[in-house]
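So the structure is just underneath, and the comments pick up after that.
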Amino acid sequence: MTDTAVELHVLQGLDQIDAADWDACACPEAADGGPPDDPFTTYRFLRALEESGSVGPGTGWQPHYLTARRGEDVIAVAPMYAKGHSQGEYIFDHNWAHAWERAGGDYYPKLQVAVPFTPATGRRFLVHPDHAAIGFDALVQGMVAVTEQNDLSSLHVTFCTEAERDAGAARGLMARSSQQYHWFNDGYADFDSFLAALSSRKRKTLRKERATAQGFGGVIRAYTGDDLKPHHWDAFWRFYQDTGARKWGQPYLTRAFFDRVQETMRDDVLLVLAEREGEPVAGALNFIGRDVLYGRYWGCAEHHPALHFELCYYQALEHAIARGLGRVEAGAQGDHKLARGYLPVVCHSLHHIPNESFRRAIAQFLDAEADAIEQDIEVLTAYGPFRRDRQEEQE
């Protein structure tokens, strides 16, 4: 097998690869029957996007999954898409597009290696553990080759891991830094023990905020697995449509996506609903990883003070603590998360620009951007809600 050449293939749909072959690369840790590290790169999640029409023709996300084989063995895969716009990515390159187009070029389509609509850190070079080095090299070479052979403006690998960032940069890709807010479980026994780590003023603020939210006139319930029913998704779809229309003009995900999640991923989700007289009035959708709870979507039919913070942040923390999870990722942006125990962290991406002069300009921008983000994180961490002695320990 050591002499077998690696063959690269670009697939137009996941129906062209067996689920077991994909997941052996994407989530080998789940072979023991436990949850995957990252539910978003699993076959079932990406297939749900595809089968529901959330990606594909007319969406600006056209699948071109990259696979590497040695003989009969799939040794590496990557979720790769031809993008006709820069929506749903959360690492922004709109200024790059404007500069390229002002110079007379066509920025779109570009090549995107990512999980659509999902600003969650995870592996993007999905390499089988038995073929780590050769699989990674094959994927990098394949991504660059597809970009250059099709005369595309650029390649973007977004929300990759720090290890992938380092390995990709060593192979000539440009590294970019961005910022999110994550909550870290410092061995808390319960929510009160988390509160005890905060400064007195912040602790009182959070308790008051939770009391306000929980006084909305109903009850808060969390559903996962077989407790999830189709009518829960009917309610959440209404919430999601409202949020999507206000944020993006129209929702990224189709109604059929949530049906597919109910069928194939209900054990991977935690849906928190605020209900009054048996009717949901607001909800927050989380996905469950092996050590991370990923907050993804929120919406409501009625406005109630602080209910957004309760459902999206405090309920997520409570469930992460109860499950023994190490981290909560609450999605993109949001300085308001800092006051609620979420700390600023660096997120990573990799980029390839074939045009030499444009590549030099982008490289200079990335250096300056990385310095600014490092300074911002240092300042923001100092303003965090934790007691001064705890903050000094973390620093």
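Each chain of the structure tokens is named A, B, ... in the order shown, its residues numbered from 1; ligands are numbered from 1 in display order.
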
Taking only residues of stretch 87-158 of chain A that have an atom at most 9 Å from an atom of stretch 292-301 of chain A, what is each one's shortest atom pair and its distance in Å to one decimal, using only C-alpha atoms, in chain and number order, as a Markdown table?
| residue | atom | partner | partner_atom | distance |
| --- | --- | --- | --- | --- |
| A:Thr118 | CA | A:Arg296 | CA | 7.6 |
| A:Pro119 | CA | A:Arg296 | CA | 8.6 |
| A:Ala120 | CA | A:Tyr294 | CA | 7.4 |

Would you pick out the contacts of stretch 146-156 of chain A at 10 Å or less, using only C-alpha atoms, so that residues sharing its chain but fewer than 5 positions from it are not included, and give the list as a short mmCIF file (atom, residue, chain, number, x, y, z; two decimals) with all heavy atoms, in the first residue's frame?
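What landed in selection_33.cif:
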data_model
loop_
_atom_site.label_atom_id
_atom_site.label_comp_id
_atom_site.auth_asym_id
_atom_site.auth_seq_id
_atom_site.Cartn_x
_atom_site.Cartn_y
_atom_site.Cartn_z
N VAL A 10 -13.08 15.15 -7.34
CA VAL A 10 -14.03 16.18 -6.91
C VAL A 10 -15.43 15.63 -7.15
O VAL A 10 -15.79 15.25 -8.27
CB VAL A 10 -13.83 17.50 -7.68
CG1 VAL A 10 -14.91 18.51 -7.29
CG2 VAL A 10 -12.45 18.07 -7.40
N HIS A 64 -18.55 20.77 -4.21
CA HIS A 64 -17.47 20.15 -4.97
C HIS A 64 -16.57 19.45 -3.95
O HIS A 64 -15.43 19.84 -3.74
CB HIS A 64 -16.68 21.19 -5.76
CG HIS A 64 -17.45 21.83 -6.87
ND1 HIS A 64 -17.70 21.20 -8.07
CD2 HIS A 64 -18.05 23.04 -6.96
CE1 HIS A 64 -18.41 21.99 -8.86
NE2 HIS A 64 -18.64 23.12 -8.21
N LEU A 66 -14.01 17.38 -2.04
CA LEU A 66 -12.70 16.89 -2.45
C LEU A 66 -12.40 15.59 -1.70
O LEU A 66 -12.55 15.53 -0.47
CB LEU A 66 -11.63 17.93 -2.15
CG LEU A 66 -10.20 17.62 -2.60
CD1 LEU A 66 -10.13 17.46 -4.12
CD2 LEU A 66 -9.25 18.72 -2.13
N MET A 80 -15.97 21.11 0.32
CA MET A 80 -15.52 22.19 -0.55
C MET A 80 -16.69 22.65 -1.43
O MET A 80 -17.46 21.82 -1.92
CB MET A 80 -14.35 21.70 -1.41
CG MET A 80 -13.60 22.78 -2.15
SD MET A 80 -12.02 22.16 -2.82
CE MET A 80 -12.62 21.19 -4.23
N TYR A 81 -16.76 23.96 -1.63
CA TYR A 81 -17.87 24.54 -2.37
C TYR A 81 -17.37 25.64 -3.29
O TYR A 81 -16.45 26.40 -2.93
CB TYR A 81 -18.92 25.16 -1.41
CG TYR A 81 -19.50 24.17 -0.44
CD1 TYR A 81 -18.83 23.85 0.74
CD2 TYR A 81 -20.70 23.53 -0.71
CE1 TYR A 81 -19.35 22.92 1.63
CE2 TYR A 81 -21.24 22.59 0.18
CZ TYR A 81 -20.55 22.30 1.34
OH TYR A 81 -21.07 21.38 2.22
N ALA A 82 -17.99 25.75 -4.45
CA ALA A 82 -17.81 26.93 -5.30
C ALA A 82 -18.82 27.96 -4.83
O ALA A 82 -20.03 27.69 -4.76
CB ALA A 82 -18.05 26.58 -6.76
N GLU A 89 -20.58 32.89 5.66
CA GLU A 89 -19.22 32.41 5.94
C GLU A 89 -18.69 32.90 7.29
O GLU A 89 -17.95 32.18 7.95
CB GLU A 89 -18.27 32.88 4.83
CG GLU A 89 -18.63 32.32 3.46
CD GLU A 89 -17.87 33.01 2.34
OE1 GLU A 89 -16.93 33.78 2.63
OE2 GLU A 89 -18.23 32.79 1.18
N ILE A 91 -16.34 34.81 8.16
CA ILE A 91 -14.99 35.38 8.09
C ILE A 91 -15.00 36.21 6.82
O ILE A 91 -15.07 35.67 5.71
CB ILE A 91 -13.90 34.32 8.08
CG1 ILE A 91 -13.84 33.64 9.46
CG2 ILE A 91 -12.54 34.92 7.74
CD1 ILE A 91 -12.79 32.55 9.58
N ASP A 93 -14.67 38.66 3.66
CA ASP A 93 -13.74 39.05 2.61
C ASP A 93 -14.39 39.99 1.60
O ASP A 93 -13.95 40.08 0.46
CB ASP A 93 -13.19 37.80 1.90
CG ASP A 93 -14.27 37.03 1.14
OD1 ASP A 93 -15.47 37.26 1.40
OD2 ASP A 93 -13.92 36.18 0.29
N TRP A 96 -12.00 42.38 0.07
CA TRP A 96 -11.14 41.72 -0.91
C TRP A 96 -11.86 41.64 -2.25
O TRP A 96 -11.28 41.89 -3.31
CB TRP A 96 -10.78 40.30 -0.46
CG TRP A 96 -10.08 40.21 0.86
CD1 TRP A 96 -9.90 41.20 1.79
CD2 TRP A 96 -9.47 39.04 1.41
NE1 TRP A 96 -9.21 40.71 2.88
CE2 TRP A 96 -8.94 39.40 2.68
CE3 TRP A 96 -9.33 37.74 0.97
CZ2 TRP A 96 -8.28 38.49 3.49
CZ3 TRP A 96 -8.67 36.82 1.77
CH2 TRP A 96 -8.15 37.19 3.03
N ALA A 97 -13.13 41.27 -2.20
CA ALA A 97 -13.92 41.15 -3.44
C ALA A 97 -14.04 42.49 -4.14
O ALA A 97 -13.88 42.58 -5.37
CB ALA A 97 -15.31 40.60 -3.11
N TRP A 100 -10.70 43.42 -5.79
CA TRP A 100 -10.43 42.59 -6.98
C TRP A 100 -11.30 43.05 -8.16
O TRP A 100 -10.82 43.15 -9.30
CB TRP A 100 -10.72 41.13 -6.64
CG TRP A 100 -10.40 40.15 -7.74
CD1 TRP A 100 -11.29 39.51 -8.53
CD2 TRP A 100 -9.10 39.71 -8.15
NE1 TRP A 100 -10.65 38.67 -9.41
CE2 TRP A 100 -9.29 38.78 -9.20
CE3 TRP A 100 -7.80 40.01 -7.74
CZ2 TRP A 100 -8.24 38.15 -9.84
CZ3 TRP A 100 -6.75 39.37 -8.37
CH2 TRP A 100 -6.97 38.45 -9.41
N GLY A 105 -11.23 42.38 -12.20
CA GLY A 105 -11.33 40.92 -12.14
C GLY A 105 -12.69 40.45 -11.66
O GLY A 105 -13.52 41.24 -11.20
N ASP A 106 -12.92 39.15 -11.77
CA ASP A 106 -14.14 38.52 -11.25
C ASP A 106 -13.76 37.74 -10.00
O ASP A 106 -13.05 36.74 -10.07
CB ASP A 106 -14.73 37.57 -12.29
CG ASP A 106 -15.26 38.30 -13.52
OD1 ASP A 106 -15.82 39.40 -13.35
OD2 ASP A 106 -15.10 37.78 -14.64
N TYR A 107 -14.21 38.24 -8.85
CA TYR A 107 -13.87 37.57 -7.59
C TYR A 107 -14.66 36.27 -7.42
O TYR A 107 -14.17 35.31 -6.81
CB TYR A 107 -14.16 38.50 -6.43
CG TYR A 107 -13.58 38.05 -5.11
CD1 TYR A 107 -12.21 38.12 -4.88
CD2 TYR A 107 -14.39 37.55 -4.10
CE1 TYR A 107 -11.66 37.71 -3.67
CE2 TYR A 107 -13.86 37.14 -2.88
CZ TYR A 107 -12.50 37.22 -2.68
OH TYR A 107 -11.96 36.81 -1.48
N TYR A 108 -15.87 36.25 -7.94
CA TYR A 108 -16.72 35.07 -7.83
C TYR A 108 -16.84 34.40 -9.21
O TYR A 108 -16.88 35.09 -10.23
CB TYR A 108 -18.11 35.45 -7.32
CG TYR A 108 -18.07 36.21 -6.01
CD1 TYR A 108 -18.32 37.57 -5.99
CD2 TYR A 108 -17.77 35.56 -4.81
CE1 TYR A 108 -18.27 38.28 -4.79
CE2 TYR A 108 -17.72 36.26 -3.63
CZ TYR A 108 -17.98 37.63 -3.61
OH TYR A 108 -17.92 38.32 -2.44
N PRO A 109 -16.88 33.06 -9.25
CA PRO A 109 -16.88 32.17 -8.08
C PRO A 109 -15.49 32.04 -7.46
O PRO A 109 -14.47 32.22 -8.14
CB PRO A 109 -17.33 30.83 -8.67
CG PRO A 109 -16.88 30.89 -10.09
CD PRO A 109 -17.00 32.32 -10.51
N LYS A 110 -15.50 31.74 -6.18
CA LYS A 110 -14.28 31.42 -5.44
C LYS A 110 -14.46 30.03 -4.85
O LYS A 110 -15.56 29.45 -4.91
CB LYS A 110 -14.05 32.45 -4.34
CG LYS A 110 -15.19 32.51 -3.32
CD LYS A 110 -14.93 33.51 -2.22
CE LYS A 110 -16.06 33.47 -1.19
NZ LYS A 110 -15.81 34.31 -0.02
N LEU A 111 -13.42 29.51 -4.26
CA LEU A 111 -13.48 28.18 -3.67
C LEU A 111 -13.48 28.30 -2.15
O LEU A 111 -12.62 28.99 -1.58
CB LEU A 111 -12.28 27.35 -4.14
CG LEU A 111 -12.44 25.82 -4.11
CD1 LEU A 111 -13.60 25.38 -5.01
CD2 LEU A 111 -11.15 25.14 -4.54
N GLN A 112 -14.43 27.65 -1.51
CA GLN A 112 -14.59 27.74 -0.06
C GLN A 112 -14.57 26.34 0.54
O GLN A 112 -15.35 25.47 0.15
CB GLN A 112 -15.93 28.42 0.27
CG GLN A 112 -16.07 28.86 1.71
CD GLN A 112 -15.44 30.22 1.95
OE1 GLN A 112 -15.22 30.99 1.02
NE2 GLN A 112 -15.16 30.53 3.20
N VAL A 113 -13.67 26.12 1.48
CA VAL A 113 -13.64 24.88 2.26
C VAL A 113 -14.18 25.24 3.64
O VAL A 113 -13.51 25.92 4.43
CB VAL A 113 -12.22 24.30 2.34
CG1 VAL A 113 -12.21 23.03 3.18
CG2 VAL A 113 -11.69 24.01 0.93
N ALA A 114 -15.39 24.80 3.91
CA ALA A 114 -16.09 25.28 5.10
C ALA A 114 -17.32 24.43 5.33
O ALA A 114 -17.73 23.64 4.47
CB ALA A 114 -16.51 26.74 4.90
N GLN A 141 -2.79 20.20 -1.88
CA GLN A 141 -2.44 20.24 -3.29
C GLN A 141 -3.69 20.23 -4.17
O GLN A 141 -3.75 20.94 -5.18
CB GLN A 141 -1.53 19.06 -3.62
CG GLN A 141 -0.15 19.14 -2.98
CD GLN A 141 0.61 17.83 -3.06
OE1 GLN A 141 0.27 16.95 -3.85
NE2 GLN A 141 1.65 17.69 -2.25
N LEU A 173 0.11 28.31 2.38
CA LEU A 173 -1.16 29.02 2.46
C LEU A 173 -1.02 30.20 3.43
O LEU A 173 -0.19 30.19 4.34
CB LEU A 173 -2.27 28.08 2.94
CG LEU A 173 -2.53 26.84 2.08
CD1 LEU A 173 -3.65 26.01 2.68
CD2 LEU A 173 -2.86 27.22 0.64
N MET A 174 -1.82 31.24 3.20
CA MET A 174 -1.78 32.42 4.06
C MET A 174 -2.74 32.23 5.24
O MET A 174 -3.90 31.84 5.06
CB MET A 174 -2.18 33.67 3.27
CG MET A 174 -1.21 34.03 2.18
SD MET A 174 -1.59 35.64 1.42
CE MET A 174 -3.18 35.29 0.70
N ALA A 175 -2.24 32.50 6.44
CA ALA A 175 -3.04 32.33 7.65
C ALA A 175 -3.71 33.65 8.02
O ALA A 175 -3.12 34.72 7.91
CB ALA A 175 -2.17 31.85 8.80
N ARG A 176 -4.96 33.53 8.47
CA ARG A 176 -5.71 34.71 8.90
C ARG A 176 -6.27 34.47 10.29
O ARG A 176 -6.70 33.35 10.63
CB ARG A 176 -6.85 35.02 7.93
CG ARG A 176 -7.59 36.31 8.25
CD ARG A 176 -8.71 36.60 7.26
NE ARG A 176 -9.27 37.93 7.50
CZ ARG A 176 -10.33 38.43 6.87
NH1 ARG A 176 -10.96 37.70 5.96
NH2 ARG A 176 -10.76 39.65 7.16
N SER A 349 -8.16 30.80 9.83
CA SER A 349 -8.51 30.43 8.46
C SER A 349 -7.25 30.45 7.61
O SER A 349 -6.22 31.02 8.00
CB SER A 349 -9.58 31.37 7.88
OG SER A 349 -9.12 32.72 7.87
N LEU A 350 -7.36 29.81 6.44
CA LEU A 350 -6.25 29.73 5.50
C LEU A 350 -6.73 30.17 4.13
O LEU A 350 -7.89 29.93 3.76
CB LEU A 350 -5.72 28.30 5.41
CG LEU A 350 -5.00 27.75 6.64
CD1 LEU A 350 -4.91 26.22 6.58
CD2 LEU A 350 -3.60 28.36 6.76
N HIS A 351 -5.82 30.80 3.36
CA HIS A 351 -6.23 31.39 2.08
C HIS A 351 -5.12 31.22 1.05
O HIS A 351 -3.93 31.20 1.38
CB HIS A 351 -6.54 32.88 2.26
CG HIS A 351 -7.51 33.13 3.37
ND1 HIS A 351 -8.87 33.24 3.17
CD2 HIS A 351 -7.32 33.26 4.72
CE1 HIS A 351 -9.48 33.43 4.33
NE2 HIS A 351 -8.56 33.44 5.29
N HIS A 352 -5.55 31.11 -0.19
CA HIS A 352 -4.61 31.06 -1.31
C HIS A 352 -5.11 32.01 -2.39
O HIS A 352 -6.27 31.91 -2.82
CB HIS A 352 -4.50 29.64 -1.87
CG HIS A 352 -3.66 29.56 -3.11
ND1 HIS A 352 -2.32 29.88 -3.12
CD2 HIS A 352 -3.98 29.22 -4.39
CE1 HIS A 352 -1.84 29.73 -4.35
NE2 HIS A 352 -2.82 29.33 -5.14
N ILE A 353 -4.23 32.92 -2.81
CA ILE A 353 -4.53 33.89 -3.86
C ILE A 353 -3.54 33.65 -4.99
O ILE A 353 -2.34 33.93 -4.84
CB ILE A 353 -4.39 35.34 -3.36
CG1 ILE A 353 -5.17 35.56 -2.05
CG2 ILE A 353 -4.82 36.33 -4.44
CD1 ILE A 353 -6.66 35.57 -2.19
N PRO A 354 -3.96 33.12 -6.14
CA PRO A 354 -3.01 32.85 -7.22
C PRO A 354 -2.32 34.09 -7.77
O PRO A 354 -1.14 34.04 -8.12
CB PRO A 354 -3.88 32.18 -8.30
CG PRO A 354 -5.04 31.60 -7.55
CD PRO A 354 -5.29 32.57 -6.44
N ASN A 355 -3.03 35.23 -7.84
CA ASN A 355 -2.46 36.44 -8.40
C ASN A 355 -1.40 37.01 -7.44
O ASN A 355 -1.70 37.32 -6.29
CB ASN A 355 -3.55 37.47 -8.65
CG ASN A 355 -3.02 38.74 -9.27
OD1 ASN A 355 -2.51 39.62 -8.57
ND2 ASN A 355 -3.14 38.86 -10.59
N PHE A 358 -1.92 40.69 -5.92
CA PHE A 358 -3.05 40.69 -4.99
C PHE A 358 -2.69 39.92 -3.73
O PHE A 358 -3.05 40.31 -2.61
CB PHE A 358 -4.28 40.09 -5.67
CG PHE A 358 -5.57 40.32 -4.92
CD1 PHE A 358 -5.89 41.55 -4.37
CD2 PHE A 358 -6.47 39.27 -4.75
CE1 PHE A 358 -7.08 41.75 -3.69
CE2 PHE A 358 -7.66 39.46 -4.08
CZ PHE A 358 -7.96 40.70 -3.55
N ARG A 359 -1.94 38.83 -3.91
CA ARG A 359 -1.52 38.03 -2.76
C ARG A 359 -0.63 38.84 -1.83
O ARG A 359 -0.77 38.77 -0.60
CB ARG A 359 -0.79 36.77 -3.24
CG ARG A 359 -0.39 35.82 -2.11
CD ARG A 359 0.08 34.48 -2.63
NE ARG A 359 1.29 34.58 -3.43
CZ ARG A 359 1.34 34.33 -4.74
NH1 ARG A 359 0.24 33.99 -5.40
NH2 ARG A 359 2.48 34.43 -5.40
#

Problem - Backbone-only DSSP, strand (DSSP E) members of stretch 73-250 of chain A, as a VMD selection string - result: chain A and resid 73 to 78 80 to 83 110 to 113 126 to 127 155 to 160 174 to 184 219 to 223

Exercise for the section: For A:Leu198, work out the shell of residues within 12 Å, counting only C-alpha atoms and skipping chain neighbours fewer than 3 positions away, then give it as a list in words. Expected result: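 The residues that qualify are Phe191, Asp192, Ser193, Phe194, Leu195, Arg201, Lys202, Arg203, Lys204, Thr205, Leu206, Arg207, Leu338, Ala339, Arg340, Gly341, Tyr342, Tyr383, Gly384, Pro385, Phe386, Arg387, Arg388, Asp389, Arg390 and Gln391 of chain A.
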
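Picture a line from atom CA of A:Ala145 to atom CA of A:Ala68; it runs 13.3 Å.
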
Practice task
Might you pull out every residue within 12 Å of A:Ala132, with only C-alpha atoms counted and same-chain residues fewer than 4 positions away left off, and present them as a PyMOL selection string?
Solution key: chain A and resi 25+68+75-77+125-128+136-139+164+167

Go ahead and dump the residues you just picked, N, CA and C atoms, as a PDB file, in the first residue's frame.
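File written: result25.pdb
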ATOM      1  N   CYS A  25     -13.053   9.458   7.936  1.00  0.00           N
ATOM      2  CA  CYS A  25     -12.119  10.587   7.876  1.00  0.00           C
ATOM      3  C   CYS A  25     -12.600  11.757   8.723  1.00  0.00           C
ATOM      4  N   ALA A  68      -9.546  12.148  -1.434  1.00  0.00           N
ATOM      5  CA  ALA A  68      -8.246  11.552  -1.784  1.00  0.00           C
ATOM      6  C   ALA A  68      -8.325  10.054  -1.512  1.00  0.00           C
ATOM      7  N   ILE A  75      -8.719   8.173   1.995  1.00  0.00           N
ATOM      8  CA  ILE A  75      -7.796   8.562   3.069  1.00  0.00           C
ATOM      9  C   ILE A  75      -8.012   9.995   3.548  1.00  0.00           C
ATOM     10  N   ALA A  76      -8.778  10.812   2.795  1.00  0.00           N
ATOM     11  CA  ALA A  76      -9.005  12.194   3.202  1.00  0.00           C
ATOM     12  C   ALA A  76     -10.157  12.761   2.397  1.00  0.00           C
ATOM     13  N   VAL A  77     -10.916  13.662   3.034  1.00  0.00           N
ATOM     14  CA  VAL A  77     -12.030  14.342   2.365  1.00  0.00           C
ATOM     15  C   VAL A  77     -12.074  15.782   2.872  1.00  0.00           C
ATOM     16  N   PHE A 125      -9.562  19.777   7.000  1.00  0.00           N
ATOM     17  CA  PHE A 125      -8.805  18.757   6.278  1.00  0.00           C
ATOM     18  C   PHE A 125      -9.112  17.429   6.980  1.00  0.00           C
ATOM     19  N   LEU A 126     -10.116  16.744   6.492  1.00  0.00           N
ATOM     20  CA  LEU A 126     -10.627  15.568   7.188  1.00  0.00           C
ATOM     21  C   LEU A 126      -9.834  14.348   6.733  1.00  0.00           C
ATOM     22  N   VAL A 127      -8.784  14.062   7.474  1.00  0.00           N
ATOM     23  CA  VAL A 127      -7.814  13.039   7.076  1.00  0.00           C
ATOM     24  C   VAL A 127      -7.974  11.814   7.971  1.00  0.00           C
ATOM     25  N   HIS A 128      -7.994  10.652   7.345  1.00  0.00           N
ATOM     26  CA  HIS A 128      -8.044   9.414   8.116  1.00  0.00           C
ATOM     27  C   HIS A 128      -6.787   9.331   8.982  1.00  0.00           C
ATOM     28  N   PHE A 136      -3.168  15.040   4.357  1.00  0.00           N
ATOM     29  CA  PHE A 136      -3.193  16.501   4.463  1.00  0.00           C
ATOM     30  C   PHE A 136      -2.535  17.124   3.234  1.00  0.00           C
ATOM     31  N   ASP A 137      -1.370  16.618   2.877  1.00  0.00           N
ATOM     32  CA  ASP A 137      -0.669  17.158   1.706  1.00  0.00           C
ATOM     33  C   ASP A 137      -1.523  17.029   0.452  1.00  0.00           C
ATOM     34  N   ALA A 138      -2.181  15.897   0.289  1.00  0.00           N
ATOM     35  CA  ALA A 138      -3.005  15.676  -0.897  1.00  0.00           C
ATOM     36  C   ALA A 138      -4.152  16.677  -0.968  1.00  0.00           C
ATOM     37  N   LEU A 139      -4.788  16.935   0.169  1.00  0.00           N
ATOM     38  CA  LEU A 139      -5.905  17.885   0.164  1.00  0.00           C
ATOM     39  C   LEU A 139      -5.433  19.301  -0.156  1.00  0.00           C
ATOM     40  N   GLU A 164      -4.215  22.904  12.022  1.00  0.00           N
ATOM     41  CA  GLU A 164      -4.349  22.989  10.569  1.00  0.00           C
ATOM     42  C   GLU A 164      -3.821  24.317  10.054  1.00  0.00           C
ATOM     43  N   ALA A 167      -0.071  23.931   9.942  1.00  0.00           N
ATOM     44  CA  ALA A 167       0.343  23.008   8.887  1.00  0.00           C
ATOM     45  C   ALA A 167       0.102  23.606   7.504  1.00  0.00           C
TER      46      ALA A 167
END

Problem - Distance query A:Tyr313 at most 9 Å, only C-alpha atoms, self and fewer than 4 positions along chain excluded, as a PyMOL selection string - result: chain A and resi 295+308-309+317-318+328+330+337+340+342

Exercise for the section: May I have the residues within 7 Å of A:Ala222 as a PyMOL selection string, using only C-alpha atoms and disregarding those fewer than 3 positions away in the same chain? Expected result: chain A and resi 270-273

Go ahead and save the residues from that selection, with all heavy atoms, as a PDB file, in the first residue's frame.
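Saved to again02.pdb:
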ATOM      1  N   LEU A 270     -29.629  19.985  20.869  1.00  0.00           N
ATOM      2  CA  LEU A 270     -30.308  20.375  22.105  1.00  0.00           C
ATOM      3  C   LEU A 270     -31.130  21.610  21.766  1.00  0.00           C
ATOM      4  O   LEU A 270     -30.572  22.670  21.456  1.00  0.00           O
ATOM      5  CB  LEU A 270     -29.295  20.693  23.205  1.00  0.00           C
ATOM      6  CG  LEU A 270     -29.881  21.143  24.542  1.00  0.00           C
ATOM      7  CD1 LEU A 270     -30.491  19.949  25.283  1.00  0.00           C
ATOM      8  CD2 LEU A 270     -28.810  21.804  25.419  1.00  0.00           C
ATOM      9  N   LEU A 271     -32.432  21.467  21.773  1.00  0.00           N
ATOM     10  CA  LEU A 271     -33.340  22.563  21.448  1.00  0.00           C
ATOM     11  C   LEU A 271     -33.961  23.078  22.739  1.00  0.00           C
ATOM     12  O   LEU A 271     -34.660  22.340  23.437  1.00  0.00           O
ATOM     13  CB  LEU A 271     -34.423  22.090  20.483  1.00  0.00           C
ATOM     14  CG  LEU A 271     -35.441  23.140  20.030  1.00  0.00           C
ATOM     15  CD1 LEU A 271     -34.756  24.273  19.266  1.00  0.00           C
ATOM     16  CD2 LEU A 271     -36.532  22.502  19.171  1.00  0.00           C
ATOM     17  N   VAL A 272     -33.683  24.331  23.064  1.00  0.00           N
ATOM     18  CA  VAL A 272     -34.193  24.950  24.288  1.00  0.00           C
ATOM     19  C   VAL A 272     -35.347  25.856  23.906  1.00  0.00           C
ATOM     20  O   VAL A 272     -35.185  26.779  23.094  1.00  0.00           O
ATOM     21  CB  VAL A 272     -33.095  25.746  25.011  1.00  0.00           C
ATOM     22  CG1 VAL A 272     -33.637  26.337  26.310  1.00  0.00           C
ATOM     23  CG2 VAL A 272     -31.883  24.858  25.300  1.00  0.00           C
ATOM     24  N   LEU A 273     -36.525  25.603  24.486  1.00  0.00           N
ATOM     25  CA  LEU A 273     -37.728  26.369  24.155  1.00  0.00           C
ATOM     26  C   LEU A 273     -38.301  27.035  25.407  1.00  0.00           C
ATOM     27  O   LEU A 273     -38.349  26.421  26.476  1.00  0.00           O
ATOM     28  CB  LEU A 273     -38.795  25.461  23.543  1.00  0.00           C
ATOM     29  CG  LEU A 273     -38.467  24.819  22.190  1.00  0.00           C
ATOM     30  CD1 LEU A 273     -39.573  23.849  21.788  1.00  0.00           C
ATOM     31  CD2 LEU A 273     -38.267  25.882  21.124  1.00  0.00           C
TER      32      LEU A 273
END

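In this comparison, which uses only C-alpha atoms, the residue of A:Gly324, A:Asp37, A:Ala48, A:Ala213 approaching A:Asp186 most closely is A:Gly324.
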
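Minimum atom-to-atom distance to A:Tyr90, evaluated using only C-alpha atoms, belongs to A:Cys347 out of A:Ala306, A:Cys347, A:Ala282, A:Ala361.
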
Completion exercise
Min atom-atom distance to A:Ile321 from the set A:Leu8, A:Phe184, A:Thr41, A:Asp21, counting only C-alpha atoms, belongs to A:Phe184

Exercise for the section: Check the smallest atom-to-atom distance from each of A:Gly218, A:Gly34, A:Gly71, A:Pro344 to A:Glu374 using only C-alpha atoms, then report the winner. Expected result: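 Among the listed residues, A:Pro344 lies closest to A:Glu374.
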
Exercise for the section: Find the distance between atom CA of A:Leu14 and atom CA of A:Glu329 and write it in Å to one decimal. Expected result: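 If I compute the distance from atom CA of A:Leu14 to atom CA of A:Glu329, I get 27.3 Å.
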
Exercise for the section: Check stretch 43-258 of chain A with DSSP on the backbone and list each residue it calls alpha helix (DSSP H), as a VMD selection string. Expected result: chain A and resid 43 to 51 94 to 102 132 to 149 162 to 170 191 to 196 200 to 214 230 to 248 255 to 258

Exercise for the section: Rank A:Gln62, A:Asp227, A:Leu380, A:Phe258 by their smallest atom-to-atom distance to A:Tyr240, using only C-alpha atoms, and report the top residue only. Expected result: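 Answer, going by the shortest atom-to-atom distance: A:Phe258.
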
Practice task
Check the smallest atom-to-atom distance from each of A:Leu46, A:Leu307, A:Leu228, A:Ala196 to A:Ala211 using only C-alpha atoms, then report the winner.
Solution key: A:Leu307

Practice task
May I ask for the distance between atom CA of A:Gly172 and atom CA of A:Phe365, given in Å to one decimal place?
Solution key: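 Atom CA of A:Phe365 lies 16.7 Å from atom CA of A:Gly172.
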